[in-house]
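Structure data follow from run26.cif (mmCIF, C-alpha atoms):
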data_data
#
loop_
_atom_site.label_atom_id
_atom_site.label_comp_id
_atom_site.auth_asym_id
_atom_site.auth_seq_id
_atom_site.Cartn_x
_atom_site.Cartn_y
_atom_site.Cartn_z
CA MET A 1 17.00 102.11 97.49
CA THR A 2 15.89 100.68 94.15
CA HIS A 3 14.09 97.33 93.94
CA TRP A 4 16.87 95.71 91.92
CA LYS A 5 19.48 96.75 94.48
CA SER A 6 17.46 95.14 97.27
CA LYS A 7 17.27 91.99 95.15
CA LEU A 8 21.05 91.99 94.75
CA ILE A 9 21.50 92.29 98.51
CA ASP A 10 19.07 89.41 99.08
CA ALA A 11 20.95 87.35 96.50
CA TYR A 12 24.25 88.05 98.25
CA ARG A 13 22.77 87.10 101.63
CA PHE A 14 21.34 83.82 100.33
CA ALA A 15 24.53 82.97 98.42
CA SER A 16 26.63 83.47 101.53
CA TRP A 17 24.13 81.75 103.84
CA PRO A 18 25.99 78.40 104.06
CA TYR A 19 29.10 80.24 105.22
CA ARG A 20 27.10 82.38 107.68
CA TRP A 21 25.27 79.35 109.06
CA SER A 22 28.52 77.43 109.51
CA MET A 23 30.24 80.43 111.09
CA HIS A 24 27.36 81.00 113.50
CA ARG A 25 27.33 77.34 114.53
CA ARG A 26 31.03 77.51 115.30
CA MET A 27 30.62 80.70 117.29
CA ALA A 28 27.66 79.29 119.23
CA ARG A 29 29.52 76.05 120.09
CA SER A 30 32.50 78.01 121.40
CA GLY A 31 30.40 80.68 123.13
CA GLN A 32 31.74 83.40 120.84
CA VAL A 33 28.53 84.76 119.28
CA PRO A 34 29.23 88.50 118.95
CA VAL A 35 26.97 91.11 120.52
CA LEU A 36 25.31 93.49 118.05
CA VAL A 37 24.20 97.02 118.90
CA LEU A 38 21.92 99.04 116.62
CA PHE A 39 21.62 102.81 116.36
CA TYR A 40 18.75 104.85 114.96
CA HIS A 41 18.15 108.58 114.77
CA ARG A 42 14.56 109.43 113.94
CA VAL A 43 11.42 107.32 113.44
CA ALA A 44 8.70 109.24 111.60
CA ASP A 45 6.63 109.19 108.42
CA ASP A 46 6.95 112.88 107.60
CA HIS A 47 9.98 114.78 106.29
CA PRO A 48 11.98 111.67 105.33
CA ASN A 49 15.75 112.10 105.09
CA PRO A 50 18.80 109.78 105.25
CA TRP A 51 18.60 109.63 109.05
CA THR A 52 14.86 108.86 109.26
CA ILE A 53 13.09 105.50 109.12
CA GLY A 54 9.33 105.18 108.70
CA CYS A 55 7.12 103.87 111.51
CA ASP A 56 6.04 100.71 109.67
CA ASP A 57 9.61 99.91 108.67
CA PHE A 58 10.82 100.40 112.23
CA GLN A 59 8.10 98.15 113.64
CA ARG A 60 8.93 95.51 111.03
CA GLN A 61 12.56 95.55 112.16
CA ILE A 62 11.66 95.32 115.85
CA ASP A 63 9.22 92.46 115.16
CA TRP A 64 11.99 90.61 113.31
CA LEU A 65 14.52 91.27 116.07
CA GLN A 66 12.15 89.93 118.71
CA ASP A 67 11.78 86.73 116.69
CA HIS A 68 15.52 86.20 116.14
CA PHE A 69 17.44 87.92 118.96
CA GLU A 70 17.49 88.44 122.66
CA ILE A 71 17.15 92.22 123.04
CA VAL A 72 19.07 93.50 126.08
CA ASP A 73 20.39 96.79 127.45
CA LEU A 74 23.95 98.05 127.06
CA GLN A 75 24.99 96.91 130.51
CA GLU A 76 23.97 93.33 129.73
CA CYS A 77 25.81 93.57 126.40
CA GLN A 78 28.94 94.55 128.29
CA ARG A 79 28.48 91.75 130.81
CA ARG A 80 28.32 89.18 128.01
CA ILE A 81 31.36 90.64 126.25
CA ARG A 82 33.31 90.71 129.51
CA SER A 83 32.28 87.18 130.50
CA GLY A 84 34.07 85.69 127.51
CA PHE A 85 31.08 83.47 126.67
CA ASN A 86 27.87 84.09 124.72
CA GLN A 87 25.88 81.48 122.80
CA ARG A 88 22.78 83.51 122.01
CA PRO A 89 22.13 86.08 119.25
CA THR A 90 22.12 89.31 121.24
CA VAL A 91 21.27 92.87 120.27
CA ALA A 92 20.78 96.24 121.97
CA ILE A 93 18.90 99.25 120.60
CA THR A 94 20.09 102.85 120.80
CA PHE A 95 19.09 106.24 119.37
CA ASP A 96 21.27 109.27 118.67
CA ASP A 97 20.60 113.03 118.68
CA GLY A 98 17.20 113.29 120.39
CA TYR A 99 14.38 113.99 117.92
CA SER A 100 11.02 114.59 119.59
CA ASP A 101 9.27 112.59 116.81
CA ASN A 102 10.61 109.45 118.49
CA CYS A 103 8.11 110.02 121.30
CA ASP A 104 5.19 109.72 118.88
CA PHE A 105 5.64 106.06 117.92
CA ALA A 106 9.03 104.39 118.35
CA LEU A 107 9.72 104.92 122.03
CA PRO A 108 6.14 104.23 123.19
CA MET A 109 6.22 100.95 121.24
CA LEU A 110 9.54 99.92 122.79
CA ILE A 111 8.34 100.89 126.27
CA GLU A 112 5.06 99.01 125.82
CA ARG A 113 6.97 95.89 124.73
CA ARG A 114 9.46 96.32 127.60
CA ILE A 115 12.36 96.51 125.16
CA PRO A 116 15.43 98.24 126.64
CA VAL A 117 16.70 101.30 124.80
CA THR A 118 19.48 103.84 125.33
CA TYR A 119 18.72 107.35 124.10
CA PHE A 120 21.69 109.65 123.40
CA VAL A 121 20.98 113.39 123.27
CA THR A 122 23.00 116.56 122.77
CA THR A 123 22.82 118.92 125.73
CA HIS A 124 22.58 122.25 123.90
CA HIS A 125 19.87 121.21 121.47
CA THR A 126 17.83 119.74 124.31
CA LEU A 127 18.19 122.61 126.78
CA HIS A 128 17.63 125.31 124.16
CA GLN A 129 15.26 123.46 121.81
CA GLN A 130 17.45 124.24 118.84
CA ALA A 131 17.36 122.38 115.53
CA PHE A 132 20.45 120.50 114.36
CA GLU A 133 22.73 122.11 111.82
CA HIS A 134 22.45 119.12 109.49
CA ASP A 135 18.68 119.67 109.40
CA LEU A 136 18.99 123.41 108.90
CA ASN A 137 21.37 122.76 105.99
CA ILE A 138 18.56 121.02 104.10
CA GLN A 139 15.96 123.64 105.17
CA ARG A 140 14.18 121.08 107.33
CA PRO A 141 14.49 122.12 111.01
CA LEU A 142 13.07 119.31 113.14
CA PRO A 143 12.01 119.55 116.81
CA THR A 144 14.22 118.04 119.49
CA ASN A 145 13.29 116.44 122.81
CA SER A 146 12.64 118.73 125.74
CA ILE A 147 13.94 118.15 129.24
CA GLU A 148 10.39 117.27 130.30
CA SER A 149 10.19 114.54 127.68
CA LEU A 150 13.60 113.16 128.68
CA ARG A 151 12.52 113.02 132.32
CA ALA A 152 9.38 111.20 131.28
CA LEU A 153 11.41 108.72 129.26
CA ASP A 154 13.73 108.21 132.21
CA LEU A 155 10.77 107.48 134.47
CA ALA A 156 9.56 104.94 131.89
CA GLY A 157 12.89 103.10 132.03
CA VAL A 158 14.72 104.57 129.02
CA GLU A 159 18.46 105.09 129.64
CA ILE A 160 19.42 108.66 128.74
CA GLY A 161 22.97 109.00 127.40
CA ALA A 162 25.23 111.90 126.41
CA HIS A 163 26.07 112.89 122.83
CA THR A 164 28.26 116.00 123.38
CA ARG A 165 27.06 119.55 123.91
CA SER A 166 26.76 120.65 120.28
CA HIS A 167 27.05 117.50 118.11
CA LEU A 168 30.70 118.31 117.51
CA ASP A 169 33.05 116.08 115.51
CA LEU A 170 35.44 115.18 118.33
CA GLY A 171 37.90 113.52 115.98
CA LYS A 172 39.03 116.95 114.82
CA VAL A 173 39.44 118.49 118.29
CA THR A 174 42.81 118.75 120.01
CA CYS A 175 41.99 121.48 122.55
CA GLU A 176 41.55 119.73 125.91
CA LYS A 177 39.38 122.55 127.27
CA THR A 178 36.93 122.09 124.39
CA LEU A 179 36.85 118.33 124.89
CA ILE A 180 36.12 118.72 128.60
CA ASP A 181 33.27 121.13 127.87
CA GLU A 182 31.73 119.06 125.07
CA VAL A 183 32.00 115.73 126.87
CA ILE A 184 32.21 116.15 130.65
CA SER A 185 30.63 119.52 131.44
CA ALA A 186 27.81 118.94 128.94
CA SER A 187 27.11 115.49 130.42
CA ARG A 188 27.00 116.91 133.93
CA GLU A 189 24.56 119.59 132.83
CA LEU A 190 22.38 116.90 131.30
CA GLU A 191 22.54 114.94 134.56
CA SER A 192 21.52 118.01 136.52
CA ALA A 193 18.61 118.67 134.19
CA ILE A 194 17.13 115.15 134.16
CA GLY A 195 18.04 114.29 137.75
CA ARG A 196 19.78 111.04 136.83
CA LYS A 197 23.37 109.88 136.39
CA VAL A 198 24.45 109.73 132.75
CA ARG A 199 26.38 106.48 132.32
CA TYR A 200 26.98 106.15 128.56
CA PHE A 201 28.34 108.39 125.81
CA ALA A 202 28.01 108.20 122.00
CA PHE A 203 30.40 109.92 119.60
CA PRO A 204 28.65 112.10 116.98
CA TYR A 205 29.07 110.64 113.47
CA GLY A 206 30.93 107.69 115.00
CA LEU A 207 33.38 106.73 112.23
CA HIS A 208 37.04 106.05 113.01
CA SER A 209 37.92 109.60 111.96
CA ASN A 210 35.33 111.02 114.37
CA LEU A 211 36.64 109.20 117.45
CA ASN A 212 39.25 110.53 119.85
CA ALA A 213 41.52 108.39 122.04
CA ASN A 214 41.80 111.13 124.66
CA VAL A 215 38.01 111.27 124.98
CA PHE A 216 37.95 107.53 125.74
CA ALA A 217 40.48 108.15 128.53
CA MET A 218 38.45 111.13 129.75
CA LEU A 219 35.25 109.12 129.90
CA LYS A 220 36.90 106.32 131.84
CA GLU A 221 38.36 108.76 134.36
CA ALA A 222 34.95 110.41 134.77
CA GLY A 223 33.31 107.06 135.61
CA PHE A 224 31.27 106.42 132.47
CA LEU A 225 30.37 102.79 131.84
CA GLY A 226 30.94 102.86 128.09
CA ALA A 227 31.34 104.82 124.86
CA CYS A 228 29.63 104.06 121.54
CA SER A 229 30.95 104.39 118.00
CA ALA A 230 28.97 103.85 114.79
CA TYR A 231 31.13 102.28 112.09
CA GLN A 232 29.39 98.95 111.56
CA GLY A 233 31.43 96.76 113.89
CA TRP A 234 30.62 93.63 115.89
CA ASN A 235 31.36 93.43 119.62
CA GLU A 236 33.45 90.30 119.91
CA ILE A 237 33.22 88.23 123.07
CA GLY A 238 36.12 88.54 125.50
CA LEU A 239 37.43 91.82 124.07
CA ASP A 240 37.10 95.38 125.39
CA GLU A 241 33.56 96.04 126.58
CA PHE A 242 34.02 99.79 127.22
CA HIS A 243 34.04 100.66 123.52
CA ILE A 244 30.66 99.59 122.15
CA GLN A 245 30.57 99.27 118.37
CA ARG A 246 27.24 99.82 116.63
CA ILE A 247 25.45 99.03 113.36
CA HIS A 248 23.07 101.40 111.58
CA GLY A 249 19.40 100.46 111.64
CA ASP A 250 19.09 100.93 107.90
CA PRO A 251 15.56 101.65 106.59
CA ASN A 252 15.97 99.10 103.80
CA PHE A 253 14.87 95.75 105.23
CA SER A 254 17.01 93.68 102.86
CA ARG A 255 20.17 95.49 103.89
CA PHE A 256 19.12 95.45 107.55
CA LYS A 257 18.68 91.65 107.54
CA ASN A 258 21.93 91.23 105.66
CA TRP A 259 23.85 93.12 108.32
CA MET A 260 22.08 91.48 111.26
CA THR A 261 22.64 87.93 110.00
CA TYR A 262 26.39 88.19 110.57
CA ASP A 263 27.56 89.57 107.25
CA PRO A 264 31.08 88.08 107.06
CA ARG A 265 32.48 91.45 105.97
CA PHE A 266 31.79 92.84 109.44
CA ALA A 267 34.27 90.40 110.93
CA ARG A 268 36.98 92.32 109.07
CA VAL A 269 36.01 95.78 110.34
CA LYS A 270 39.09 97.26 112.01
CA ARG A 271 38.52 98.17 115.64
CA PHE A 272 39.49 101.69 116.76
CA ASP A 273 42.61 101.63 118.95
CA TYR A 274 42.40 104.15 121.80
CA SER A 275 45.21 102.69 123.92
CA ASP A 276 47.34 105.83 123.57
CA GLY A 277 44.62 108.12 125.00
CA LYS A 278 45.65 110.23 128.00
CA PHE A 279 43.79 112.48 130.42
CA ASP A 280 44.58 114.02 133.79
CA LYS A 281 41.72 113.20 136.16
CA SER A 282 42.43 116.25 138.31
CA LYS A 283 41.17 118.46 135.46
CA LEU A 284 37.68 117.09 135.96
CA GLU A 285 37.41 119.13 139.16
CA SER A 286 37.53 122.33 137.11
CA SER A 287 34.47 121.38 135.05
CA PRO A 288 31.50 121.68 137.40
CA ALA A 289 27.98 121.23 136.13
CA LYS A 290 25.85 124.29 135.65
CA PRO A 291 22.50 124.45 137.46
CA GLY A 292 19.80 122.31 135.88
CA ALA A 293 16.76 123.58 134.10
CA GLY A 294 14.80 123.62 137.34
CA ILE A 295 11.85 121.68 135.92
CA PRO A 296 10.05 119.87 138.76
CA LEU A 297 9.60 116.16 138.34
CA GLY A 298 5.97 116.22 139.43
CA GLU A 299 3.56 114.47 137.10
CA ILE A 300 4.87 114.37 133.56
CA SER A 301 2.69 113.23 130.70
CA LEU A 302 4.75 110.63 128.85
CA MET A 303 2.95 110.06 125.56
CA PRO A 304 -0.29 108.59 124.16
CA THR A 305 -0.87 105.02 125.28
CA THR A 306 -2.35 103.97 121.94
CA TYR A 307 0.20 103.75 120.38
CA GLN A 308 23.25 109.13 106.06
CA HIS A 309 25.39 107.58 108.48
CA PRO A 310 28.02 104.84 107.85
CA SER A 311 26.83 101.90 105.81
CA VAL A 312 27.98 99.14 103.49
CA GLN A 313 25.94 97.30 100.89
#
Re-express the file's structure as structure tokens.
Amino acid sequence: MTHWKSKLIDAYRFASWPYRWSMHRRMARSGQVPVLVLFYHRVADDHPNPWTIGCDDFQRQIDWLQDHFEIVDLQECQRRIRSGFNQRPTVAITFDDGYSDNCDFALPMLIERRIPVTYFVTTHHTLHQQAFEHDLNIQRPLPTNSIESLRALDLAGVEIGAHTRSHLDLGKVTCEKTLIDEVISASRELESAIGRKVRYFAFPYGLHSNLNANVFAMLKEAGFLGACSAYQGWNEIGLDEFHIQRIHGDPNFSRFKNWMTYDPRFARVKRFDYSDGKFDKSKLESSPAKPGAGIPLGEISLMPTTYQHPSVQ
């Protein structure tokens, strides 16, 4: 982003600050401060692309969040939404896809600081160590997390979540058999491989057009705790806690702060309605998990101890 564009964003944030401050005071007094959830993809300094943020920029964002928010896990986010009362600025941190570069800096830093994080991975790319199509399309295949690294992250307290089998756009899928395989069977295979229950799911791409009401119903029937989108929405207190709306952790710090300081435009983001979703629970019995990768838990070396998705201006 150009310097002048960052200046314009800062000017907009400062100009709207009286309204934001007044709105936040009202929300705090009434216990209606919305819960924010961030999503990242890849933290690294090499091979920058629209879904990568540099290490220094990521640390700067986390430092700022620790100064201004209470950082919690997804389950605590849901508890606050469900309770109908929240007075504190609250945020959760998530990652999508499963790039192994995240184990070099970002995840060790979060683990060292005891910051909760949910890490969504695609089953096929993890089990077969295959690069994502969107990386291959720009001739930049990037390594993905292995099962060993996911098990190590799990042991360190990172919540591993599901992100389909093949990073498929579920909004375009009507075949129920395909949905079951991409969502349920793939999640069960991931569970078998890491030796831990997978409790959360994130839709690839995450815009309204990429969501699927029947998948929401399927996830509920299968016992998932929640499903994440990614279209820049707040999670309002007292509303549905199963659908977790997320905001992009944009590399530009001006835009990041603008979004995280309750940009009034986010209050007008239309929530995805999945009330008409249907799924027959009995069909889950026909989607057993395949055997896991067979990697023994044993002693797993975690990592050194030294440690464009949706957006608006």
List as a Markdown table every residue of range 100-169 of chain A that is in contact with range 210-225 of chain A, defined as an atom at most 12 Å from one of its atoms (using only C-alpha atoms), together with the nearest atom pair and the distance in Å rounded to one decimal, sorted by chain and then rising number.
| residue | atom | partner | partner_atom | distance |
| --- | --- | --- | --- | --- |
| A:Gly161 | CA | A:Phe224 | CA | 10.1 |
| A:Ala162 | CA | A:Phe224 | CA | 10.2 |
| A:Thr164 | CA | A:Val215 | CA | 11.0 |
| A:His167 | CA | A:Asn210 | CA | 11.2 |
| A:Leu168 | CA | A:Asn210 | CA | 9.2 |
| A:Asp169 | CA | A:Asn210 | CA | 5.7 |
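Nearest to Phe95 in chain A of all the residues A:Leu127, A:Ile237, A:Leu190, A:Ala202 is A:Ala202, based on only C-alpha atoms.
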Nearest to Leu74 in chain A, chosen from A:Phe279, A:Phe203, A:Phe39, A:Tyr274, with all atoms listed in the file counted in the distances
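For Leu74 in chain A, the nearest of the candidates is A:Phe39.
Selection result for the displayed file, with the PyMOL selection byres ((chain A and resi 126) around 9) as criterion, is A:Gly98, A:Val121, A:Thr122, A:Thr123, A:His124, A:His125, A:Leu127, A:His128, A:Gln129, A:Gln130, A:Thr144, A:Asn145, A:Ser146, A:Ile147, A:Leu150, A:Leu190.
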Within 12 Å of Asn258 in chain A, counting all atoms listed in the file, which residues show up once you throw out same-chain ones fewer than 2 positions away? Write them as number ranges by chain, please.
A: 6-17, 20, 247-250, 252-256, 260-266, 311-313
Have a look at CA of Thr178 in chain A and CA of Ala131 in chain A and let me know their distance in Å, one decimal.
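Computing the Euclidean distance for CA of Thr178 in chain A and CA of Ala131 in chain A yields 21.5 Å.
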Within 7 Å of range 80-85 of chain A, counting all atoms listed in the file, which residues qualify if same-chain residues fewer than 4 places away don't, as a ChimeraX atom specification?
/A:31-32,76,236-239,241
Between A:Leu38, A:Arg26, A:Leu110, A:Thr90, single out the one closest to Trp259 in chain A, counting all atoms listed in the file.
A:Leu38
Neighbours of point (30.6, 91.0, 115.4) within 8 Å, using all atoms listed in the file, written as a VMD selection string
chain A and resid 33 to 36 233 to 236 262 266 to 267
Write out, as a compact mmCIF listing (two decimals), keeping the file's coordinate frame, the residues just selected, with C-alpha atoms.
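selection28.txt, written as the output of this step:
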# COMPACT_ATOMS: atom_id res chain seq x y z
CA VAL A 33 28.53 84.76 119.28
CA PRO A 34 29.23 88.50 118.95
CA VAL A 35 26.97 91.11 120.52
CA LEU A 36 25.31 93.49 118.05
CA GLY A 233 31.43 96.76 113.89
CA TRP A 234 30.62 93.63 115.89
CA ASN A 235 31.36 93.43 119.62
CA GLU A 236 33.45 90.30 119.91
CA TYR A 262 26.39 88.19 110.57
CA PHE A 266 31.79 92.84 109.44
CA ALA A 267 34.27 90.40 110.93
Taking the file as I've supplied it (selection: the PyMOL selection byres ((chain A and resi 180) around 12)), which residues are included? Please answer as number ranges by chain.
A: 164-165, 170, 173-179, 181-188, 214-219, 221-222, 279-289
Atom-to-atom span, CA of Leu136 in chain A and CA of Ser100 in chain A, Å:
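If I compute the distance from CA of Leu136 in chain A to CA of Ser100 in chain A, I get 16.0 Å.
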